Amino acid sequence: MCAAIGDLHGQAAALAGLGGNLRELGQLDAADDALGRAVDVFQRLGDDAGIGLACRLRGSVRLELGDHDDALALLEVSLRGYRSLGSRRGEALTLRTLSLVHRSLGAYEEAERHAGQALEILAGLGDPLMAAYAERARAKARLRLGRTREAEAELLGALDVCRAYRDRFGEALTLRTLGECALADGRHHEAEKRLAVAVRLWDALELRLPRARTLRDLAAAREALGNTQEAAALRTEAMSVFTECGALERGEL
């Protein structure tokens, strides 16, 4: 409809929304295409808010596809766009995504720093739900640094916030990370329990890519408990999703 009436801004906004939803469904190549088109139009229009949003979303997609260089470049553009507007919330959301990229690269201290900056801004803005997402990102960086119990304490607080807001996505994401903490600490029964609950939440939300990531962790827990056949089946299922989605994890298993 926007294309029919020549509304470029509306068309770019629709493409950005479409790209964000395709990403959630695990259709990463289609998401990347839609968001790339949105970025091009917003840049032609000189719309910093649109640039900030579309580049942040596309940066997330490029990360999920395993292209860290593109992800970092897009997120730096997003950060400049939000800062030129004085949008502290947009800046914080982009800093959180930058944390995820640095963690994926193994730069855990940098990941912790970016997530901490995001958390400080969001808490100051009075946005407890997105502050919980930033806190989870920082906790996961701390988990990778070996500070498991410190990470776990933060995650339990984030879980309470997600449940208070009835945010099942955030709840599933946090339970998965709590499962990772239990795995790292050798508490395999606890890990299995938390991860199984997270899988059920992903099933209810019909989100196959985060579900596959949780299955991969659940496989590790079940293997540690001696259920090697179940673990192998879960890994096979997870790999089929990673391969179909073109996700970066397709080369890990």
# chains A, B, ... in the order shown; residues from 1 in each chain; ligands from 1

$ residues_around --residues "range 116-127 of chain A" --least-positions-apart "6" --cutoff "6 Å" --atoms "only C-alpha atoms" --output "short mmCIF file (atom, residue, chain, number, x, y, z; two decimals) with all heavy atoms, in the first residue's frame"
data_model
loop_
_atom_site.label_atom_id
_atom_site.label_comp_id
_atom_site.auth_asym_id
_atom_site.auth_seq_id
_atom_site.Cartn_x
_atom_site.Cartn_y
_atom_site.Cartn_z
N ALA A 92 20.92 2.34 24.10
CA ALA A 92 21.07 1.22 25.02
C ALA A 92 20.77 -0.11 24.34
O ALA A 92 21.49 -1.09 24.54
CB ALA A 92 20.15 1.42 26.22
N LEU A 95 23.70 -0.99 22.21
CA LEU A 95 24.84 -1.42 23.04
C LEU A 95 24.65 -2.87 23.50
O LEU A 95 25.61 -3.65 23.53
CB LEU A 95 24.98 -0.51 24.25
CG LEU A 95 25.58 0.88 23.98
CD1 LEU A 95 25.38 1.79 25.18
CD2 LEU A 95 27.06 0.77 23.64
N ARG A 96 23.41 -3.23 23.83
CA ARG A 96 23.15 -4.62 24.22
C ARG A 96 23.45 -5.57 23.07
O ARG A 96 24.07 -6.62 23.26
CB ARG A 96 21.70 -4.78 24.67
CG ARG A 96 21.34 -6.22 24.99
CD ARG A 96 19.85 -6.42 25.24
NE ARG A 96 19.56 -7.85 25.31
CZ ARG A 96 19.32 -8.63 24.26
NH1 ARG A 96 19.31 -8.12 23.03
NH2 ARG A 96 19.08 -9.92 24.42
N ALA A 134 19.25 -6.57 29.20
CA ALA A 134 20.64 -6.14 29.25
C ALA A 134 21.38 -6.86 30.37
O ALA A 134 22.55 -7.26 30.22
CB ALA A 134 20.72 -4.63 29.45
#

$ atom_distance --atom1 "CA of Ala221 in chain A" --atom2 "CA of Ala182 in chain A"
9.2 Å

$ closest_residue --among "A:Gly170, A:Gly90, A:Gly246, A:Gly81" --to "Leu201 in chain A" --atoms "only C-alpha atoms"
A:Gly170

$ residues_around --residues "range 104-109 of chain A" --least-positions-apart "5" --cutoff "9 Å" --atoms "only C-alpha atoms" --output "list in words"
Leu63, Gly66, His68, Ser99, His114, Lys140, Ala141, Arg142, Arg144 and Leu145 of chain A

$ atom_distance --atom1 "CA of Leu85 in chain A" --atom2 "CA of Arg62 in chain A"
24.4 Å

$ atom_distance --atom1 "CA of Phe42 in chain A" --atom2 "CA of Leu98 in chain A"
21.1 Å

$ residues_around --residues "range 33-35 of chain A" --least-positions-apart "6" --cutoff "10 Å" --atoms "only C-alpha atoms" --output "PyMOL selection string"
chain A and resi 12-20+22-23+41+53-59+61

$ residues_around --residues "Ala172 in chain A" --least-positions-apart "4" --cutoff "12 Å" --atoms "only C-alpha atoms" --output "MDAnalysis selection string"
chainID A and resid 133 136 155 158:160 162:163 166:168 176:179 194:205 207 210:211 213:214

$ write_last_selection --atoms "C-alpha atoms" --output "compact mmCIF listing (two decimals), in the first residue's frame"
# COMPACT_ATOMS: atom_id res chain seq x y z
CA TYR A 133 17.46 -8.20 28.88
CA ARG A 136 20.93 -11.18 31.05
CA LEU A 155 19.71 -14.12 35.98
CA ALA A 158 15.99 -10.98 35.42
CA LEU A 159 13.72 -14.04 35.45
CA ASP A 160 11.51 -12.46 38.12
CA CYS A 162 10.22 -11.30 32.83
CA ARG A 163 7.63 -13.31 34.76
CA ARG A 166 4.44 -12.12 31.46
CA ASP A 167 7.19 -12.01 28.86
CA ARG A 168 7.45 -15.66 27.85
CA ARG A 176 18.06 -21.36 29.00
CA THR A 177 20.94 -19.26 30.35
CA LEU A 178 20.26 -20.48 33.90
CA GLY A 179 20.49 -23.99 32.44
CA ARG A 194 15.53 -25.63 33.49
CA LEU A 195 16.30 -26.35 29.85
CA ALA A 196 13.29 -28.64 29.46
CA VAL A 197 11.00 -25.87 30.76
CA ALA A 198 12.60 -23.44 28.29
CA VAL A 199 11.97 -25.87 25.41
CA ARG A 200 8.28 -26.06 26.36
CA LEU A 201 8.06 -22.26 26.30
CA TRP A 202 9.70 -22.13 22.85
CA ASP A 203 7.22 -24.76 21.69
CA ALA A 204 4.32 -22.59 22.87
CA LEU A 205 5.82 -19.56 21.11
CA LEU A 207 10.10 -20.19 17.72
CA PRO A 210 15.98 -20.39 19.95
CA ARG A 211 14.34 -23.76 20.62
CA ARG A 213 19.77 -23.61 20.69
CA THR A 214 18.12 -24.82 23.87

$ closest_residue --among "A:Leu183, A:Leu129, A:Leu218, A:Leu74" --to "Gly157 in chain A" --atoms "only C-alpha atoms"
A:Leu129

$ closest_residue --among "A:Ala212, A:His189, A:Asp69, A:Leu225" --to "Glu237 in chain A" --atoms "only C-alpha atoms"
A:Ala212
